[in-house]
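Chemist: What follows is target.tsv; its format and atoms are TSV, C-alpha atoms.
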```
chain	number	residue	atom	x	y	z
A	1	HIS	CA	0.00	0.00	0.00
A	2	ASN	CA	1.15	3.52	-0.86
A	3	MET	CA	4.16	2.22	-2.82
A	4	SER	CA	4.39	3.62	-6.34
A	5	SER	CA	6.76	0.90	-7.57
A	6	ILE	CA	4.64	-2.10	-6.55
A	7	ALA	CA	1.18	-2.97	-7.91
A	8	SER	CA	0.13	-5.03	-4.90
A	9	SER	CA	-2.58	-3.00	-3.18
A	10	ALA	CA	-5.45	-5.09	-4.61
A	11	THR	CA	-3.93	-8.57	-4.70
A	12	SER	CA	-7.15	-10.52	-5.19
A	13	VAL	CA	-8.18	-8.26	-8.09
A	14	LEU	CA	-4.87	-8.88	-9.87
A	15	ILE	CA	-5.18	-12.63	-9.34
A	16	ALA	CA	-8.73	-12.58	-10.71
A	17	HIS	CA	-7.54	-10.76	-13.83
A	18	VAL	CA	-4.73	-13.22	-14.51
A	19	ALA	CA	-6.94	-16.23	-13.74
A	20	ALA	CA	-9.54	-15.02	-16.23
A	21	HIS	CA	-6.92	-14.92	-18.97
A	22	THR	CA	-5.19	-18.26	-18.23
A	23	GLU	CA	-6.31	-21.86	-18.05
A	24	SER	CA	-4.06	-24.02	-15.87
A	25	ILE	CA	-1.39	-22.03	-14.04
A	26	ARG	CA	-1.72	-21.86	-10.26
A	27	LEU	CA	-2.01	-18.32	-8.91
A	28	GLY	CA	-1.25	-17.16	-5.43
A	29	ALA	CA	-0.76	-14.19	-3.18
A	30	GLY	CA	2.83	-13.48	-2.36
A	31	GLY	CA	1.33	-12.19	-0.30
A	32	VAL	CA	-1.54	-10.70	1.63
A	33	MET	CA	-0.27	-8.76	4.66
A	34	LEU	CA	-2.95	-9.96	7.05
A	35	PRO	CA	-2.55	-7.14	9.63
A	36	ASN	CA	-4.01	-4.81	6.97
A	37	HIS	CA	-7.19	-6.85	6.50
A	38	SER	CA	-9.82	-8.75	8.44
A	39	PRO	CA	-9.54	-12.56	8.12
A	40	LEU	CA	-13.20	-12.76	7.04
A	41	THR	CA	-12.66	-10.35	4.15
A	42	ILE	CA	-9.66	-12.30	2.85
A	43	ALA	CA	-11.54	-15.60	3.23
A	44	GLU	CA	-14.41	-14.22	1.17
A	45	GLN	CA	-12.09	-12.85	-1.53
A	46	PHE	CA	-10.00	-15.98	-1.93
A	47	GLY	CA	-12.99	-18.25	-1.43
A	48	THR	CA	-14.59	-16.45	-4.37
A	49	LEU	CA	-11.43	-16.86	-6.46
A	50	GLU	CA	-11.27	-20.58	-5.67
A	51	THR	CA	-14.96	-21.00	-6.52
A	52	LEU	CA	-14.46	-19.29	-9.88
A	53	HIS	CA	-11.14	-21.04	-10.64
A	54	PRO	CA	-11.16	-24.38	-8.77
A	55	GLY	CA	-7.82	-25.89	-7.82
A	56	ARG	CA	-5.78	-22.92	-9.02
A	57	ILE	CA	-5.62	-20.54	-6.06
A	58	ASP	CA	-3.03	-20.32	-3.25
A	59	LEU	CA	-2.97	-17.83	-0.38
A	60	GLY	CA	0.33	-16.59	1.04
A	61	LEU	CA	0.08	-14.64	4.29
A	62	GLY	CA	2.55	-12.20	5.81
A	63	ARG	CA	2.77	-10.46	9.17
A	64	ALA	CA	4.55	-7.25	8.16
A	65	PRO	CA	2.30	-4.19	7.84
A	66	GLY	CA	3.84	-3.47	4.44
A	67	SER	CA	3.36	0.26	4.84
A	68	ASP	CA	4.18	3.25	7.03
A	69	GLN	CA	2.23	4.57	10.01
A	70	ASN	CA	0.27	7.14	8.00
A	71	THR	CA	-0.77	4.48	5.49
A	72	MET	CA	-1.81	2.16	8.31
A	73	ARG	CA	-4.05	4.91	9.68
A	74	ALA	CA	-5.52	5.43	6.21
A	75	LEU	CA	-6.28	1.70	6.11
A	76	ARG	CA	-8.05	2.07	9.49
A	77	ARG	CA	-5.77	-0.55	11.00
A	78	ASP	CA	-4.49	-0.82	14.56
A	79	PRO	CA	-0.66	-0.54	14.83
A	80	MET	CA	-0.79	-3.54	17.18
A	81	SER	CA	-2.68	-5.74	14.70
A	82	ALA	CA	0.50	-7.64	13.73
A	83	ASP	CA	0.61	-9.06	17.26
A	84	SER	CA	-2.54	-11.09	16.58
A	85	PHE	CA	-1.19	-12.60	13.34
A	86	PRO	CA	-1.14	-16.24	14.59
A	87	GLN	CA	-4.73	-16.00	15.82
A	88	ASP	CA	-5.81	-14.28	12.61
A	89	VAL	CA	-4.27	-17.06	10.50
A	90	LEU	CA	-6.23	-19.66	12.47
A	91	GLU	CA	-9.44	-17.63	12.14
A	92	LEU	CA	-8.90	-17.34	8.39
A	93	GLN	CA	-8.15	-21.05	8.11
A	94	GLY	CA	-11.39	-21.82	9.94
A	95	TYR	CA	-13.42	-19.81	7.45
A	96	LEU	CA	-11.86	-21.69	4.52
A	97	THR	CA	-11.85	-25.21	5.92
A	98	GLY	CA	-14.34	-25.25	8.79
A	99	PRO	CA	-15.34	-25.21	11.49
A	100	THR	CA	-15.48	-21.44	11.87
A	101	ARG	CA	-13.78	-20.03	14.96
A	102	ILE	CA	-16.33	-17.19	15.21
A	103	GLN	CA	-19.65	-18.76	16.09
A	104	GLY	CA	-22.37	-17.92	13.59
A	105	VAL	CA	-19.99	-16.30	11.07
A	106	GLU	CA	-19.19	-18.10	7.80
A	107	ALA	CA	-17.32	-17.02	4.67
A	108	THR	CA	-19.55	-17.12	1.59
A	109	PRO	CA	-17.99	-18.03	-0.77
A	110	GLY	CA	-15.12	-19.51	1.18
A	111	LYS	CA	-16.37	-22.21	3.50
A	112	GLY	CA	-15.20	-25.62	2.33
A	113	THR	CA	-12.96	-24.28	-0.44
A	114	ASN	CA	-9.82	-25.35	1.47
A	115	VAL	CA	-7.63	-22.74	-0.22
A	116	PRO	CA	-4.03	-23.75	0.65
A	117	LEU	CA	-2.32	-21.35	3.06
A	118	TYR	CA	1.38	-20.44	3.02
A	119	ILE	CA	3.24	-18.51	5.69
A	120	LEU	CA	5.58	-15.86	4.30
A	121	GLY	CA	8.44	-14.56	6.39
A	122	SER	CA	11.91	-13.13	6.70
A	123	SER	CA	12.63	-14.09	10.30
A	124	LEU	CA	12.47	-16.98	12.74
A	125	PHE	CA	8.97	-15.91	13.86
A	126	GLY	CA	7.33	-16.96	10.61
A	127	ALA	CA	9.36	-20.14	10.41
A	128	ARG	CA	8.25	-21.22	13.88
A	129	LEU	CA	4.60	-20.36	13.20
A	130	ALA	CA	4.56	-22.25	9.90
A	131	ALA	CA	6.10	-25.26	11.63
A	132	GLN	CA	3.58	-25.20	14.46
A	133	LEU	CA	0.61	-24.92	12.09
A	134	GLY	CA	1.96	-27.46	9.62
A	135	LEU	CA	1.90	-25.04	6.69
A	136	PRO	CA	4.33	-24.42	3.82
A	137	TYR	CA	6.91	-21.73	4.54
A	138	ALA	CA	8.20	-19.17	2.03
A	139	PHE	CA	11.27	-17.13	2.96
A	140	ALA	CA	11.81	-13.67	1.46
A	141	SER	CA	15.51	-14.19	0.75
A	142	HIS	CA	15.22	-12.11	-2.42
A	143	PHE	CA	15.27	-8.96	-0.26
A	144	ALA	CA	15.92	-10.13	3.33
A	145	PRO	CA	18.66	-12.76	3.05
A	146	ASN	CA	20.25	-12.77	6.49
A	147	ALA	CA	18.21	-15.39	8.38
A	148	LEU	CA	17.51	-17.74	5.47
A	149	GLN	CA	19.39	-20.84	6.59
A	150	ASP	CA	18.54	-20.47	10.28
A	151	ALA	CA	14.84	-20.01	9.51
A	152	VAL	CA	14.68	-23.01	7.17
A	153	ALA	CA	16.53	-25.23	9.65
A	154	LEU	CA	14.17	-24.20	12.47
A	155	TYR	CA	11.11	-24.79	10.30
A	156	ARG	CA	12.20	-28.26	9.23
A	157	ARG	CA	13.21	-29.19	12.79
A	158	GLU	CA	9.97	-28.10	14.46
A	159	PHE	CA	7.46	-28.96	11.70
A	160	LYS	CA	4.26	-30.71	12.79
A	161	PRO	CA	2.16	-32.46	10.13
A	162	SER	CA	-1.30	-31.05	9.49
A	163	ALA	CA	-4.40	-31.76	7.41
A	164	GLN	CA	-2.95	-29.57	4.66
A	165	LEU	CA	0.65	-30.78	4.71
A	166	GLU	CA	2.30	-34.02	5.80
A	167	ALA	CA	5.94	-32.95	5.45
A	168	PRO	CA	7.80	-29.61	5.46
A	169	HIS	CA	7.76	-27.60	2.26
A	170	VAL	CA	10.18	-24.70	1.86
A	171	ILE	CA	10.03	-21.98	-0.78
A	172	ALA	CA	12.90	-19.51	-1.09
A	173	GLY	CA	12.93	-16.23	-2.99
A	174	VAL	CA	15.81	-15.34	-5.28
A	175	ASN	CA	16.46	-12.45	-7.66
A	176	VAL	CA	16.99	-13.18	-11.33
A	177	ILE	CA	18.42	-11.00	-14.07
A	178	ALA	CA	18.87	-13.05	-17.22
A	179	ALA	CA	20.05	-11.30	-20.37
A	180	ASP	CA	21.51	-12.10	-23.75
A	181	SER	CA	24.97	-11.07	-22.57
A	182	ALA	CA	26.77	-10.92	-19.25
A	183	SER	CA	27.51	-7.21	-19.63
A	184	GLU	CA	23.84	-6.42	-20.26
A	185	ALA	CA	22.85	-8.37	-17.16
A	186	GLN	CA	25.39	-6.50	-15.02
A	187	SER	CA	24.13	-3.17	-16.35
A	188	MET	CA	20.58	-4.15	-15.41
A	189	LEU	CA	21.75	-5.14	-11.92
A	190	GLN	CA	23.42	-1.76	-11.40
A	191	ALA	CA	20.33	0.06	-12.70
A	192	THR	CA	18.17	-1.89	-10.26
A	193	LYS	CA	20.39	-0.95	-7.33
A	194	ARG	CA	20.37	2.72	-8.40
A	195	ALA	CA	16.57	2.68	-8.55
A	196	ARG	CA	16.47	1.33	-5.01
A	197	VAL	CA	18.71	4.13	-3.85
A	198	SER	CA	16.08	6.60	-5.09
A	199	LEU	CA	13.37	4.59	-3.34
A	200	PHE	CA	15.11	4.28	0.03
A	201	PHE	CA	17.12	7.50	0.17
A	202	GLY	CA	14.99	9.79	-1.97
A	203	GLY	CA	11.62	8.81	-0.58
A	204	GLY	CA	10.55	7.78	-4.06
A	205	THR	CA	10.37	11.46	-5.06
A	206	ARG	CA	14.00	12.49	-5.53
A	207	GLU	CA	15.94	11.14	-8.48
A	208	PHE	CA	19.70	10.74	-8.11
A	209	THR	CA	22.17	10.87	-10.97
A	210	ASP	CA	24.02	7.64	-11.69
A	211	ASP	CA	27.17	9.06	-10.10
A	212	GLU	CA	25.27	10.14	-6.98
A	213	ALA	CA	23.56	6.76	-6.67
A	214	ASP	CA	26.86	4.92	-7.07
A	215	MET	CA	28.45	7.07	-4.35
A	216	ILE	CA	25.60	6.20	-2.01
A	217	LEU	CA	25.89	2.50	-2.86
A	218	ASP	CA	29.60	2.64	-1.98
A	219	SER	CA	28.92	4.31	1.37
A	220	PRO	CA	28.27	2.37	4.61
A	221	GLN	CA	24.65	3.52	4.54
A	222	GLY	CA	24.20	2.26	1.00
A	223	GLN	CA	25.58	-1.20	1.65
A	224	HIS	CA	22.13	-2.27	2.82
A	225	VAL	CA	20.78	-1.88	-0.71
A	226	SER	CA	23.42	-4.21	-2.13
A	227	GLN	CA	23.04	-6.60	0.80
A	228	MET	CA	19.33	-6.96	0.03
A	229	MET	CA	20.29	-8.54	-3.30
A	230	THR	CA	22.76	-11.04	-1.84
A	231	TYR	CA	20.93	-13.89	-3.51
A	232	SER	CA	20.82	-12.89	-7.16
A	233	ALA	CA	21.28	-14.94	-10.30
A	234	VAL	CA	22.76	-12.52	-12.83
A	235	GLY	CA	24.09	-13.27	-16.31
A	236	THR	CA	23.34	-15.32	-19.38
A	237	PRO	CA	20.71	-18.07	-19.05
A	238	ASP	CA	23.20	-20.90	-18.44
A	239	VAL	CA	24.90	-18.92	-15.65
A	240	VAL	CA	21.53	-18.07	-14.10
A	241	LEU	CA	20.39	-21.69	-14.22
A	242	ASP	CA	23.59	-22.92	-12.54
A	243	TYR	CA	23.20	-20.31	-9.81
A	244	LEU	CA	19.59	-21.29	-9.14
A	245	ASP	CA	20.59	-24.93	-8.84
A	246	SER	CA	23.27	-24.15	-6.26
A	247	PHE	CA	21.04	-21.66	-4.43
A	248	GLY	CA	18.30	-24.29	-4.09
A	249	ARG	CA	20.77	-26.57	-2.31
A	250	HIS	CA	22.10	-23.70	-0.19
A	251	ALA	CA	18.59	-22.76	0.91
A	252	ASP	CA	17.48	-26.39	1.38
A	253	ALA	CA	14.42	-25.38	-0.64
A	254	ASP	CA	11.79	-27.55	-2.26
A	255	GLU	CA	10.72	-24.73	-4.55
A	256	LEU	CA	12.03	-21.34	-5.68
A	257	ILE	CA	10.23	-18.07	-6.29
A	258	VAL	CA	12.17	-16.06	-8.86
A	259	ALA	CA	11.85	-12.28	-8.68
A	260	HIS	CA	12.98	-10.83	-12.01
A	261	GLN	CA	14.66	-7.47	-11.47
A	262	SER	CA	15.07	-4.62	-13.91
A	263	THR	CA	13.98	-1.02	-14.26
A	264	GLY	CA	12.23	-1.79	-17.56
A	265	THR	CA	9.24	-4.03	-18.28
A	266	GLN	CA	10.66	-5.39	-21.54
A	267	GLU	CA	13.92	-6.32	-19.82
A	268	ARG	CA	12.04	-8.22	-17.10
A	269	LEU	CA	9.92	-10.04	-19.67
A	270	ARG	CA	13.05	-10.97	-21.61
A	271	SER	CA	14.61	-12.27	-18.39
A	272	VAL	CA	11.55	-14.47	-17.79
A	273	GLU	CA	11.65	-15.72	-21.38
A	274	LEU	CA	15.36	-16.58	-21.29
A	275	LEU	CA	15.07	-18.44	-17.98
A	276	ALA	CA	12.04	-20.39	-19.19
A	277	GLU	CA	13.86	-21.44	-22.34
A	278	ALA	CA	16.98	-22.45	-20.41
A	279	ALA	CA	14.93	-24.48	-17.93
A	280	GLY	CA	12.93	-26.16	-20.70
A	281	LEU	CA	9.72	-24.50	-19.53
A	282	ALA	CA	8.99	-22.34	-22.56
A	283	ARG	CA	5.73	-23.08	-24.34
A	284	VAL	CA	6.28	-24.63	-27.74
```
Could you render the structure from this file as structure tokens?

Modeler:
Amino acid sequence: HNMSSIASSATSVLIAHVAAHTESIRLGAGGVMLPNHSPLTIAEQFGTLETLHPGRIDLGLGRAPGSDQNTMRALRRDPMSADSFPQDVLELQGYLTGPTRIQGVEATPGKGTNVPLYILGSSLFGARLAAQLGLPYAFASHFAPNALQDAVALYRREFKPSAQLEAPHVIAGVNVIAADSASEAQSMLQATKRARVSLFFGGGTREFTDDEADMILDSPQGQHVSQMMTYSAVGTPDVVLDYLDSFGRHADADELIVAHQSTGTQERLRSVELLAEAAGLARV
């Protein structure tokens, strides 16, 4: 919410649009920041999606507010709402699977749709919660890499089987910049970092020159921007594919979410296309 560079404010609407124009691909939230919404509202939205597109909808849930204090007030949310995240996940799960945890309140559509839930996180909190509830766990290592291995190890160690999931399932995020040449990929990586400098140090309103952005990136304060992209597959498709293979082992992940990075739409689409071809996933 209130982020000009991310089209995520109406997640269920975007999923509905993509679902209406595709036939078989699974679509999920990556994710809904539950402190910004009531569990009943999300159950109704995703229950409706599952009813319209059976067997194709997943629901990823995060605890972070995903906004600043002013935006939270505009959303009419309580700053302490993140504290009730575990209880809210259980309430939401009850609406989708039954029985409801709020007597006399049902999600329509929603009840009985059994939309799969995923816990999203970047810390040990989410890992422990996902393990306790027996849900899949997705780690945001594409922008918060530090606790990746510790969180995955904790999740696998403490996992308790549930009706949804018998064994642990880990998803790890990783940045991808695939290009036709190594130099082009490196240029796209630098452009991405410079754009983040404007976002984090310019409030999204001030534009820095390339030289100014590079100076900030080289400073101690700017190291955080580069550190966010610790896990990045950058280069030609074969290099990217090799990196993803080694990263999957490093993260002990069952599945990867690839976040294609570039300042231009065509460059991101080309990155997706090149990776799909290299992985043998391109449609013939």

Chemist: Would you mind reading off the distance between atom CA of A:Ile6 and atom CA of A:Asn114, one decimal, in Å?

Modeler: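 So the answer is 28.5 Å.
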
Chemist: Quick one: contact table of stretch 103-168 of chain A to stretch 25-40 of chain A, 9 Å max, nearest atom pair and distance in Å to one decimal per residue, counting all atoms listed in the file, chain and number order, as a tab-separated table?

Modeler:
```
residue	atom	partner	partner_atom	distance
A:Val105	CA	A:Leu40	CA	8.7
A:Glu106	CA	A:Leu40	CA	8.1
A:Ala107	CA	A:Leu40	CA	6.4
A:Tyr118	CA	A:Gly31	CA	8.9
A:Ile119	CA	A:Gly31	CA	8.9
A:Leu120	CA	A:Gly31	CA	7.3
A:Ala138	CA	A:Gly30	CA	9.0
```

Chemist: Hey, can you check how far atom CA of A:Arg101 sits from atom CA of A:Gly126?

Modeler: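 Atom CA of A:Arg101 sits 21.8 Å away from atom CA of A:Gly126.
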
Chemist: Excluding A:Gly55 and residues on its chain fewer than 4 positions from it, collect all residues at most 9 Å away from it, counting all atoms listed in the file, and give them as a list in words.

Modeler: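 Residues near the query, excluding close chain neighbours: Arg26, Glu50, Thr51 and Val115 of chain A.
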
Chemist: Selection from above, C-alpha atoms, as an mmCIF file, in the frame of the given file, can you write it?

Modeler:
```
data_model
loop_
_atom_site.group_PDB
_atom_site.id
_atom_site.type_symbol
_atom_site.label_atom_id
_atom_site.label_comp_id
_atom_site.auth_asym_id
_atom_site.auth_seq_id
_atom_site.Cartn_x
_atom_site.Cartn_y
_atom_site.Cartn_z
ATOM 1 C CA ARG A 26 -1.720 -21.860 -10.260
ATOM 2 C CA GLU A 50 -11.270 -20.580 -5.670
ATOM 3 C CA THR A 51 -14.960 -21.000 -6.520
ATOM 4 C CA VAL A 115 -7.630 -22.740 -0.220
#
```

Chemist: In Å, with one decimal, what is the gap from atom CA of A:Leu59 to atom CA of A:Leu117?

Modeler: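 Pair atom CA of A:Leu59 / atom CA of A:Leu117 returns 5.0 Å.
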
Chemist: Near A:Ala144, counting all atoms listed in the file, which residues have an atom at most 9 Å away, once you skip same-chain residues fewer than 6 positions from it, shown as a PDB file with C-alpha atoms, in the coordinates of the input?

Modeler:
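Wrote it out as part21.pdb, contents follow:
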```
ATOM      1  CA  SER A 122      11.910 -13.130   6.700  1.00  0.00           C
ATOM      2  CA  SER A 123      12.630 -14.090  10.300  1.00  0.00           C
ATOM      3  CA  GLN A 227      23.040  -6.600   0.800  1.00  0.00           C
ATOM      4  CA  MET A 228      19.330  -6.960   0.030  1.00  0.00           C
ATOM      5  CA  MET A 229      20.290  -8.540  -3.300  1.00  0.00           C
ATOM      6  CA  THR A 230      22.760 -11.040  -1.840  1.00  0.00           C
TER       7      THR A 230
END
```

Chemist: Compile the contact shell of stretch 257-272 of chain A as a list in words: residues with an atom at most 6 Å away, counting all atoms listed in the file, same-chain residues fewer than 5 positions apart removed.

Modeler: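 Contacts, in chain order: Gly173, Val174, Asn175, Val176, Ile177, Ala178, Ala179, Met188 and Thr192 of chain A.
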
Chemist: Take the residues that were just selected and, keeping C-alpha atoms, output them as an mmCIF file, in the coordinates of the input.

Modeler:
```
data_model
loop_
_atom_site.group_PDB
_atom_site.id
_atom_site.type_symbol
_atom_site.label_atom_id
_atom_site.label_comp_id
_atom_site.auth_asym_id
_atom_site.auth_seq_id
_atom_site.Cartn_x
_atom_site.Cartn_y
_atom_site.Cartn_z
ATOM 1 C CA GLY A 173 12.930 -16.230 -2.990
ATOM 2 C CA VAL A 174 15.810 -15.340 -5.280
ATOM 3 C CA ASN A 175 16.460 -12.450 -7.660
ATOM 4 C CA VAL A 176 16.990 -13.180 -11.330
ATOM 5 C CA ILE A 177 18.420 -11.000 -14.070
ATOM 6 C CA ALA A 178 18.870 -13.050 -17.220
ATOM 7 C CA ALA A 179 20.050 -11.300 -20.370
ATOM 8 C CA MET A 188 20.580 -4.150 -15.410
ATOM 9 C CA THR A 192 18.170 -1.890 -10.260
#
```

Chemist: Please supply stretch 107-117 of chain A, rebuilt with all heavy atoms, as a PDB file, in the frame of the given file.

Modeler:
```
ATOM      1  N   ALA A 107     -17.762 -17.698   5.894  1.00  0.00           N
ATOM      2  CA  ALA A 107     -17.320 -17.020   4.670  1.00  0.00           C
ATOM      3  C   ALA A 107     -18.093 -17.584   3.493  1.00  0.00           C
ATOM      4  O   ALA A 107     -18.085 -18.791   3.254  1.00  0.00           O
ATOM      5  CB  ALA A 107     -15.827 -17.218   4.456  1.00  0.00           C
ATOM      6  N   THR A 108     -18.762 -16.700   2.747  1.00  0.00           N
ATOM      7  CA  THR A 108     -19.550 -17.120   1.590  1.00  0.00           C
ATOM      8  C   THR A 108     -19.255 -16.189   0.426  1.00  0.00           C
ATOM      9  O   THR A 108     -19.571 -15.006   0.498  1.00  0.00           O
ATOM     10  CB  THR A 108     -21.057 -17.076   1.904  1.00  0.00           C
ATOM     11  OG1 THR A 108     -21.327 -17.823   3.084  1.00  0.00           O
ATOM     12  CG2 THR A 108     -21.864 -17.637   0.746  1.00  0.00           C
ATOM     13  N   PRO A 109     -18.628 -16.718  -0.662  1.00  0.00           N
ATOM     14  CA  PRO A 109     -17.990 -18.030  -0.770  1.00  0.00           C
ATOM     15  C   PRO A 109     -16.738 -18.103   0.108  1.00  0.00           C
ATOM     16  O   PRO A 109     -16.204 -17.083   0.494  1.00  0.00           O
ATOM     17  CB  PRO A 109     -17.618 -18.134  -2.253  1.00  0.00           C
ATOM     18  CG  PRO A 109     -18.414 -17.077  -2.950  1.00  0.00           C
ATOM     19  CD  PRO A 109     -18.563 -15.978  -1.937  1.00  0.00           C
ATOM     20  N   GLY A 110     -16.314 -19.305   0.374  1.00  0.00           N
ATOM     21  CA  GLY A 110     -15.120 -19.510   1.180  1.00  0.00           C
ATOM     22  C   GLY A 110     -15.177 -20.806   1.934  1.00  0.00           C
ATOM     23  O   GLY A 110     -14.260 -21.630   1.855  1.00  0.00           O
ATOM     24  N   LYS A 111     -16.253 -21.018   2.675  1.00  0.00           N
ATOM     25  CA  LYS A 111     -16.370 -22.210   3.500  1.00  0.00           C
ATOM     26  C   LYS A 111     -16.262 -23.473   2.645  1.00  0.00           C
ATOM     27  O   LYS A 111     -16.962 -23.629   1.647  1.00  0.00           O
ATOM     28  CB  LYS A 111     -17.703 -22.206   4.243  1.00  0.00           C
ATOM     29  CG  LYS A 111     -17.898 -23.397   5.157  1.00  0.00           C
ATOM     30  CD  LYS A 111     -19.241 -23.325   5.874  1.00  0.00           C
ATOM     31  CE  LYS A 111     -19.438 -24.533   6.796  1.00  0.00           C
ATOM     32  NZ  LYS A 111     -20.756 -24.471   7.493  1.00  0.00           N
ATOM     33  N   GLY A 112     -15.361 -24.358   3.035  1.00  0.00           N
ATOM     34  CA  GLY A 112     -15.200 -25.620   2.330  1.00  0.00           C
ATOM     35  C   GLY A 112     -14.331 -25.553   1.087  1.00  0.00           C
ATOM     36  O   GLY A 112     -14.114 -26.578   0.432  1.00  0.00           O
ATOM     37  N   THR A 113     -13.806 -24.366   0.751  1.00  0.00           N
ATOM     38  CA  THR A 113     -12.960 -24.280  -0.440  1.00  0.00           C
ATOM     39  C   THR A 113     -11.552 -24.803  -0.175  1.00  0.00           C
ATOM     40  O   THR A 113     -10.835 -25.168  -1.112  1.00  0.00           O
ATOM     41  CB  THR A 113     -12.867 -22.824  -0.951  1.00  0.00           C
ATOM     42  OG1 THR A 113     -12.421 -21.986   0.117  1.00  0.00           O
ATOM     43  CG2 THR A 113     -14.218 -22.341  -1.456  1.00  0.00           C
ATOM     44  N   ASN A 114     -11.125 -24.811   1.089  1.00  0.00           N
ATOM     45  CA  ASN A 114      -9.820 -25.350   1.470  1.00  0.00           C
ATOM     46  C   ASN A 114      -8.670 -24.731   0.667  1.00  0.00           C
ATOM     47  O   ASN A 114      -7.745 -25.427   0.234  1.00  0.00           O
ATOM     48  CB  ASN A 114      -9.794 -26.874   1.299  1.00  0.00           C
ATOM     49  CG  ASN A 114     -10.787 -27.560   2.216  1.00  0.00           C
ATOM     50  OD1 ASN A 114     -10.733 -27.403   3.431  1.00  0.00           O
ATOM     51  ND2 ASN A 114     -11.725 -28.292   1.631  1.00  0.00           N
ATOM     52  N   VAL A 115      -8.724 -23.428   0.472  1.00  0.00           N
ATOM     53  CA  VAL A 115      -7.630 -22.740  -0.220  1.00  0.00           C
ATOM     54  C   VAL A 115      -6.337 -22.972   0.562  1.00  0.00           C
ATOM     55  O   VAL A 115      -6.283 -22.698   1.767  1.00  0.00           O
ATOM     56  CB  VAL A 115      -7.919 -21.233  -0.322  1.00  0.00           C
ATOM     57  CG1 VAL A 115      -6.726 -20.504  -0.952  1.00  0.00           C
ATOM     58  CG2 VAL A 115      -9.188 -20.976  -1.128  1.00  0.00           C
ATOM     59  N   PRO A 116      -5.286 -23.492  -0.067  1.00  0.00           N
ATOM     60  CA  PRO A 116      -4.030 -23.750   0.650  1.00  0.00           C
ATOM     61  C   PRO A 116      -3.410 -22.462   1.179  1.00  0.00           C
ATOM     62  O   PRO A 116      -3.315 -21.461   0.464  1.00  0.00           O
ATOM     63  CB  PRO A 116      -3.131 -24.395  -0.418  1.00  0.00           C
ATOM     64  CG  PRO A 116      -4.068 -24.886  -1.466  1.00  0.00           C
ATOM     65  CD  PRO A 116      -5.221 -23.938  -1.467  1.00  0.00           C
ATOM     66  N   LEU A 117      -2.972 -22.502   2.431  1.00  0.00           N
ATOM     67  CA  LEU A 117      -2.320 -21.350   3.060  1.00  0.00           C
ATOM     68  C   LEU A 117      -0.805 -21.554   3.078  1.00  0.00           C
ATOM     69  O   LEU A 117      -0.321 -22.676   3.254  1.00  0.00           O
ATOM     70  CB  LEU A 117      -2.819 -21.157   4.489  1.00  0.00           C
ATOM     71  CG  LEU A 117      -4.315 -20.920   4.684  1.00  0.00           C
ATOM     72  CD1 LEU A 117      -4.618 -20.680   6.161  1.00  0.00           C
ATOM     73  CD2 LEU A 117      -4.809 -19.749   3.842  1.00  0.00           C
TER      74      LEU A 117
END
```
